[in-house]
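File shown: final-v5.csv (CSV, N, CA and C atoms).
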chain,number,residue,atom,x,y,z
A,24,MET,N,10.2,-5.2,7.0
A,24,MET,CA,9.0,-4.8,7.8
A,24,MET,C,7.7,-5.3,7.0
A,25,ILE,N,6.8,-5.8,7.7
A,25,ILE,CA,5.5,-6.3,7.2
A,25,ILE,C,4.4,-5.4,7.6
A,26,LEU,N,3.5,-5.0,6.6
A,26,LEU,CA,2.4,-4.2,6.9
A,26,LEU,C,1.1,-4.9,6.4
A,27,ASN,N,0.0,-4.7,7.2
A,27,ASN,CA,-1.3,-5.2,6.8
A,27,ASN,C,-2.0,-3.9,6.3
A,28,ILE,N,-2.6,-4.0,5.1
A,28,ILE,CA,-3.2,-2.9,4.5
A,28,ILE,C,-4.6,-3.3,3.9
A,29,ARG,N,-5.6,-2.5,4.2
A,29,ARG,CA,-6.9,-2.7,3.6
A,29,ARG,C,-7.0,-1.6,2.5
A,30,VAL,N,-7.4,-2.1,1.3
A,30,VAL,CA,-7.4,-1.2,0.1
A,30,VAL,C,-8.9,-0.9,-0.3
A,31,ILE,N,-9.2,0.3,-0.5
A,31,ILE,CA,-10.5,0.7,-1.0
A,31,ILE,C,-10.3,1.4,-2.4
A,32,PRO,N,-10.5,0.6,-3.4
A,32,PRO,CA,-10.4,1.2,-4.8
A,32,PRO,C,-11.5,2.1,-5.2
A,33,LYS,N,-11.3,2.9,-6.2
A,33,LYS,CA,-12.3,3.8,-6.8
A,33,LYS,C,-12.8,4.8,-5.7
A,34,ALA,N,-11.9,5.3,-4.9
A,34,ALA,CA,-12.2,6.3,-3.9
A,34,ALA,C,-12.1,7.7,-4.6
A,35,SER,N,-12.6,8.7,-3.9
A,35,SER,CA,-12.6,10.0,-4.5
A,35,SER,C,-11.2,10.7,-4.5
A,36,ARG,N,-10.3,10.2,-3.6
A,36,ARG,CA,-8.9,10.7,-3.5
A,36,ARG,C,-8.0,9.6,-3.0
A,37,ASN,N,-6.7,9.9,-3.2
A,37,ASN,CA,-5.6,9.0,-2.8
A,37,ASN,C,-5.3,9.4,-1.3
A,38,LEU,N,-5.3,8.4,-0.4
A,38,LEU,CA,-5.1,8.7,1.0
A,38,LEU,C,-4.7,7.4,1.7
A,39,ILE,N,-3.7,7.6,2.6
A,39,ILE,CA,-3.4,6.5,3.5
A,39,ILE,C,-3.7,6.9,4.9
A,40,LYS,N,-4.5,6.0,5.6
A,40,LYS,CA,-4.9,6.3,7.0
A,40,LYS,C,-4.6,5.2,7.9
A,41,LYS,N,-4.1,5.5,9.1
A,41,LYS,CA,-3.8,4.5,10.0
A,41,LYS,C,-5.0,4.2,10.9
A,42,GLU,N,-5.4,2.9,11.0
A,42,GLU,CA,-6.5,2.5,11.8
A,42,GLU,C,-6.1,1.3,12.6
A,43,ASN,N,-6.1,1.4,13.9
A,43,ASN,CA,-5.7,0.4,14.8
A,43,ASN,C,-4.3,-0.1,14.5
A,44,ASP,N,-4.1,-1.4,14.2
A,44,ASP,CA,-2.7,-1.8,13.9
A,44,ASP,C,-2.4,-2.0,12.5
A,45,SER,N,-3.3,-1.5,11.6
A,45,SER,CA,-3.1,-1.6,10.2
A,45,SER,C,-3.3,-0.3,9.5
A,46,LEU,N,-3.1,-0.3,8.2
A,46,LEU,CA,-3.3,0.9,7.4
A,46,LEU,C,-4.5,0.7,6.4
A,47,LYS,N,-5.1,1.8,6.1
A,47,LYS,CA,-6.2,1.8,5.1
A,47,LYS,C,-5.8,2.7,4.0
A,48,ALA,N,-5.8,2.2,2.7
A,48,ALA,CA,-5.4,2.9,1.6
A,48,ALA,C,-6.6,3.2,0.7
A,49,TYR,N,-6.9,4.5,0.5
A,49,TYR,CA,-8.0,4.8,-0.5
A,49,TYR,C,-7.3,5.2,-1.8
A,50,LEU,N,-7.7,4.5,-2.9
A,50,LEU,CA,-7.1,4.7,-4.2
A,50,LEU,C,-8.1,5.1,-5.2
A,51,THR,N,-7.8,6.0,-6.1
A,51,THR,CA,-8.7,6.4,-7.2
A,51,THR,C,-8.8,5.4,-8.3
A,52,LYS,N,-7.8,4.6,-8.5
A,52,LYS,CA,-7.9,3.6,-9.6
A,52,LYS,C,-8.8,2.5,-9.3
A,53,ALA,N,-9.3,1.9,-10.3
A,53,ALA,CA,-10.2,0.7,-10.2
A,53,ALA,C,-9.3,-0.6,-10.0
A,54,ALA,N,-9.8,-1.6,-9.4
A,54,ALA,CA,-9.0,-2.8,-9.2
A,54,ALA,C,-9.1,-3.7,-10.4
A,55,GLN,N,-8.6,-3.2,-11.5
A,55,GLN,CA,-8.6,-4.0,-12.8
A,55,GLN,C,-7.2,-4.0,-13.4
A,56,ASN,N,-6.8,-5.1,-13.9
A,56,ASN,CA,-5.5,-5.2,-14.5
A,56,ASN,C,-4.3,-4.8,-13.6
A,57,GLY,N,-4.5,-4.8,-12.3
A,57,GLY,CA,-3.4,-4.5,-11.4
A,57,GLY,C,-3.2,-3.0,-11.3
A,58,LEU,N,-4.1,-2.2,-11.8
A,58,LEU,CA,-3.9,-0.7,-11.7
A,58,LEU,C,-3.9,-0.2,-10.2
A,59,ALA,N,-4.8,-0.8,-9.4
A,59,ALA,CA,-4.9,-0.4,-8.0
A,59,ALA,C,-3.6,-0.8,-7.3
A,60,ASN,N,-3.1,-2.0,-7.6
A,60,ASN,CA,-1.9,-2.5,-6.9
A,60,ASN,C,-0.7,-1.5,-7.2
A,61,LYS,N,-0.6,-1.2,-8.5
A,61,LYS,CA,0.5,-0.3,-8.9
A,61,LYS,C,0.3,1.1,-8.2
A,62,GLN,N,-0.9,1.6,-8.2
A,62,GLN,CA,-1.1,2.9,-7.5
A,62,GLN,C,-0.8,2.8,-6.0
A,63,LEU,N,-1.1,1.6,-5.4
A,63,LEU,CA,-0.9,1.4,-4.0
A,63,LEU,C,0.6,1.5,-3.7
A,64,ILE,N,1.4,0.8,-4.5
A,64,ILE,CA,2.9,0.8,-4.4
A,64,ILE,C,3.4,2.2,-4.5
A,65,GLU,N,2.9,3.0,-5.5
A,65,GLU,CA,3.4,4.3,-5.7
A,65,GLU,C,3.0,5.2,-4.5
A,66,LEU,N,1.8,5.1,-4.0
A,66,LEU,CA,1.4,5.9,-2.8
A,66,LEU,C,2.1,5.5,-1.6
A,67,LEU,N,2.4,4.2,-1.3
A,67,LEU,CA,3.1,3.8,-0.2
A,67,LEU,C,4.6,4.3,-0.2
A,68,ALA,N,5.2,4.2,-1.4
A,68,ALA,CA,6.5,4.7,-1.6
A,68,ALA,C,6.7,6.2,-1.3
A,69,LYS,N,5.7,7.0,-1.7
A,69,LYS,CA,5.7,8.4,-1.4
A,69,LYS,C,5.4,8.6,0.1
A,70,HIS,N,4.5,7.9,0.7
A,70,HIS,CA,4.1,8.1,2.1
A,70,HIS,C,5.3,7.7,3.0
A,71,LEU,N,5.9,6.6,2.7
A,71,LEU,CA,7.0,6.1,3.6
A,71,LEU,C,8.4,6.6,3.2
A,72,LYS,N,8.5,7.3,2.1
A,72,LYS,CA,9.7,7.9,1.6
A,72,LYS,C,10.7,6.8,1.3
A,73,VAL,N,10.3,5.8,0.5
A,73,VAL,CA,11.2,4.7,0.1
A,73,VAL,C,11.0,4.6,-1.4
A,74,LYS,N,11.9,3.8,-2.1
A,74,LYS,CA,11.8,3.6,-3.5
A,74,LYS,C,10.7,2.5,-3.8
A,75,LYS,N,10.1,2.6,-4.9
A,75,LYS,CA,9.0,1.7,-5.3
A,75,LYS,C,9.5,0.2,-5.3
A,76,TYR,N,10.7,0.0,-5.7
A,76,TYR,CA,11.3,-1.4,-5.8
A,76,TYR,C,11.4,-2.0,-4.4
A,77,GLN,N,11.4,-1.2,-3.4
A,77,GLN,CA,11.5,-1.7,-2.0
A,77,GLN,C,10.2,-2.3,-1.4
A,78,ILE,N,9.1,-2.1,-2.2
A,78,ILE,CA,7.8,-2.5,-1.7
A,78,ILE,C,7.3,-3.7,-2.5
A,79,LYS,N,6.8,-4.7,-1.8
A,79,LYS,CA,6.4,-5.9,-2.5
A,79,LYS,C,5.1,-6.4,-1.9
A,80,ILE,N,4.1,-6.8,-2.7
A,80,ILE,CA,2.9,-7.4,-2.2
A,80,ILE,C,3.1,-8.9,-2.0
A,81,ILE,N,3.1,-9.3,-0.8
A,81,ILE,CA,3.3,-10.7,-0.4
A,81,ILE,C,2.1,-11.5,-0.6
A,82,LYS,N,1.0,-11.0,-0.1
A,82,LYS,CA,-0.3,-11.7,-0.1
A,82,LYS,C,-1.4,-10.8,-0.4
A,83,GLY,N,-2.4,-11.2,-1.1
A,83,GLY,CA,-3.6,-10.4,-1.4
A,83,GLY,C,-3.5,-9.7,-2.8
A,84,GLU,N,-2.8,-10.2,-3.7
A,84,GLU,CA,-2.6,-9.6,-5.0
A,84,GLU,C,-4.0,-9.2,-5.6
A,85,LYS,N,-5.0,-10.1,-5.4
A,85,LYS,CA,-6.3,-9.9,-6.0
A,85,LYS,C,-7.4,-9.7,-4.9
A,86,ALA,N,-7.0,-9.2,-3.7
A,86,ALA,CA,-7.9,-9.1,-2.6
A,86,ALA,C,-7.8,-7.7,-2.0
A,87,ARG,N,-8.7,-7.2,-1.3
A,87,ARG,CA,-8.7,-5.9,-0.6
A,87,ARG,C,-7.7,-5.9,0.6
A,88,ASN,N,-7.6,-7.0,1.3
A,88,ASN,CA,-6.7,-7.1,2.4
A,88,ASN,C,-5.4,-7.6,1.9
A,89,LYS,N,-4.3,-6.8,2.1
A,89,LYS,CA,-3.0,-7.1,1.5
A,89,LYS,C,-2.0,-7.2,2.6
A,90,VAL,N,-1.0,-8.0,2.4
A,90,VAL,CA,0.2,-8.0,3.2
A,90,VAL,C,1.4,-7.5,2.4
A,91,ILE,N,2.0,-6.4,2.9
A,91,ILE,CA,3.0,-5.7,2.1
A,91,ILE,C,4.3,-5.9,2.9
A,92,GLU,N,5.4,-6.1,2.1
A,92,GLU,CA,6.7,-6.2,2.7
A,92,GLU,C,7.5,-5.0,2.2
A,93,ILE,N,8.1,-4.3,3.2
A,93,ILE,CA,9.0,-3.2,2.9
A,93,ILE,C,10.4,-3.7,3.1
A,94,ASP,N,11.3,-3.5,2.1
A,94,ASP,CA,12.7,-3.9,2.2
A,94,ASP,C,13.3,-3.5,3.6
A,95,SER,N,14.1,-4.4,4.1
A,95,SER,CA,14.6,-4.2,5.5
A,95,SER,C,15.6,-3.0,5.6
A,96,THR,N,16.1,-2.6,4.4
A,96,THR,CA,17.0,-1.4,4.5
A,96,THR,C,16.2,-0.1,4.5
A,97,ALA,N,14.9,-0.2,4.3
A,97,ALA,CA,14.1,1.0,4.4
A,97,ALA,C,13.9,1.5,5.8
A,98,ASP,N,13.7,2.7,6.0
A,98,ASP,CA,13.5,3.4,7.3
A,98,ASP,C,12.2,3.0,7.9
A,99,ALA,N,12.1,2.3,9.0
A,99,ALA,CA,10.8,1.9,9.6
A,99,ALA,C,10.2,3.0,10.4
A,100,GLY,N,10.8,4.1,10.7
A,100,GLY,CA,10.2,5.1,11.5
A,100,GLY,C,9.3,6.0,10.8
A,101,LYS,N,9.0,5.8,9.6
A,101,LYS,CA,8.1,6.8,8.8
A,101,LYS,C,6.7,6.5,8.9
A,102,ILE,N,6.2,5.4,9.5
A,102,ILE,CA,4.8,5.0,9.5
A,102,ILE,C,4.0,5.9,10.5
Before anything else, please render the file you have as structure tokens.
Amino acid sequence: MILNIRVIPKASRNLIKKENDSLKAYLTKAAQNGLANKQLIELLAKHLKVKKYQIKIIKGEKARNKVIEIDSTADAGKI
């Protein structure tokens, strides 16, 4: 499963919000040294109830707009 996510780093709280056909992730960590990406994976894993190793950033490693792949064995009905 492929997800389009817009990341907002240095937010006041961690939150995932669905907007139109994509997700918006508010993260408390700054976008330095991959801290926000790591927090995004942890937050998505908790939100989607999958393991962290099942989530992979395909595109946008250093951008706010990211394309995320969830392992095909993960349950797609959690979004």
List every protein, DNA or RNA residue that has an atom no more than 12 Å from (11.7, 3.5, -6.5) in the file's coordinate frame, counting only C-alpha atoms, and report them as an mmCIF file with N, CA and C atoms, keeping the file's coordinate frame.
data_model
loop_
_atom_site.group_PDB
_atom_site.id
_atom_site.type_symbol
_atom_site.label_atom_id
_atom_site.label_comp_id
_atom_site.auth_asym_id
_atom_site.auth_seq_id
_atom_site.Cartn_x
_atom_site.Cartn_y
_atom_site.Cartn_z
ATOM 1 N N ILE A 64 1.400 0.800 -4.500
ATOM 2 C CA ILE A 64 2.900 0.800 -4.400
ATOM 3 C C ILE A 64 3.400 2.200 -4.500
ATOM 4 N N GLU A 65 2.900 3.000 -5.500
ATOM 5 C CA GLU A 65 3.400 4.300 -5.700
ATOM 6 C C GLU A 65 3.000 5.200 -4.500
ATOM 7 N N LEU A 66 1.800 5.100 -4.000
ATOM 8 C CA LEU A 66 1.400 5.900 -2.800
ATOM 9 C C LEU A 66 2.100 5.500 -1.600
ATOM 10 N N LEU A 67 2.400 4.200 -1.300
ATOM 11 C CA LEU A 67 3.100 3.800 -0.200
ATOM 12 C C LEU A 67 4.600 4.300 -0.200
ATOM 13 N N ALA A 68 5.200 4.200 -1.400
ATOM 14 C CA ALA A 68 6.500 4.700 -1.600
ATOM 15 C C ALA A 68 6.700 6.200 -1.300
ATOM 16 N N LYS A 69 5.700 7.000 -1.700
ATOM 17 C CA LYS A 69 5.700 8.400 -1.400
ATOM 18 C C LYS A 69 5.400 8.600 0.100
ATOM 19 N N LEU A 71 5.900 6.600 2.700
ATOM 20 C CA LEU A 71 7.000 6.100 3.600
ATOM 21 C C LEU A 71 8.400 6.600 3.200
ATOM 22 N N LYS A 72 8.500 7.300 2.100
ATOM 23 C CA LYS A 72 9.700 7.900 1.600
ATOM 24 C C LYS A 72 10.700 6.800 1.300
ATOM 25 N N VAL A 73 10.300 5.800 0.500
ATOM 26 C CA VAL A 73 11.200 4.700 0.100
ATOM 27 C C VAL A 73 11.000 4.600 -1.400
ATOM 28 N N LYS A 74 11.900 3.800 -2.100
ATOM 29 C CA LYS A 74 11.800 3.600 -3.500
ATOM 30 C C LYS A 74 10.700 2.500 -3.800
ATOM 31 N N LYS A 75 10.100 2.600 -4.900
ATOM 32 C CA LYS A 75 9.000 1.700 -5.300
ATOM 33 C C LYS A 75 9.500 0.200 -5.300
ATOM 34 N N TYR A 76 10.700 0.000 -5.700
ATOM 35 C CA TYR A 76 11.300 -1.400 -5.800
ATOM 36 C C TYR A 76 11.400 -2.000 -4.400
ATOM 37 N N GLN A 77 11.400 -1.200 -3.400
ATOM 38 C CA GLN A 77 11.500 -1.700 -2.000
ATOM 39 C C GLN A 77 10.200 -2.300 -1.400
ATOM 40 N N ILE A 78 9.100 -2.100 -2.200
ATOM 41 C CA ILE A 78 7.800 -2.500 -1.700
ATOM 42 C C ILE A 78 7.300 -3.700 -2.500
ATOM 43 N N LYS A 79 6.800 -4.700 -1.800
ATOM 44 C CA LYS A 79 6.400 -5.900 -2.500
ATOM 45 C C LYS A 79 5.100 -6.400 -1.900
ATOM 46 N N ILE A 93 8.100 -4.300 3.200
ATOM 47 C CA ILE A 93 9.000 -3.200 2.900
ATOM 48 C C ILE A 93 10.400 -3.700 3.100
ATOM 49 N N ASP A 94 11.300 -3.500 2.100
ATOM 50 C CA ASP A 94 12.700 -3.900 2.200
ATOM 51 C C ASP A 94 13.300 -3.500 3.600
ATOM 52 N N ALA A 97 14.900 -0.200 4.300
ATOM 53 C CA ALA A 97 14.100 1.000 4.400
ATOM 54 C C ALA A 97 13.900 1.500 5.800
#
So, with all atoms listed in the file as the atoms that count, which of A:Lys41, A:Glu84, A:Arg29, A:Ile91 lies closest to A:Asn60?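 Looking only at the distances to A:Asn60, the closest residue turns out to be A:Glu84.
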All strand (DSSP E) positions in chain A, as a ChimeraX atom specification: /A:25-31,38-42,45-49,78-82,88-93
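Minimum distance to A:Lys89 across A:Ala53, A:Asn27, A:Lys61, A:Ser45 (counting only N, CA and C atoms) occurs at A:Asn27.
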With distances taken over only C-alpha atoms, which of A:Ile39, A:Leu58, A:Leu63, A:Leu46 is nearest to A:Ile25?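 For A:Ile25, the nearest of the candidates is A:Leu46.
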Gap from atom N of A:Ala59 to atom C of A:Val30 - Å, one decimal: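 So the answer is 10.0 Å.
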If I put a ball of radius 10 Å at (-9.2, 3.6, -10.3) in the file's coordinates, which residues poke into it when counting only C-alpha atoms, written as a count of residues only? 17
Interatomic distance between atom N of A:Glu92 and atom C of A:Leu26? 6.2 Å
Atom-to-atom span, atom N of A:Asp44 and atom N of A:Asn56, Å: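 Interatomic distance, atom N of A:Asp44 to atom N of A:Asn56: 28.5 Å.
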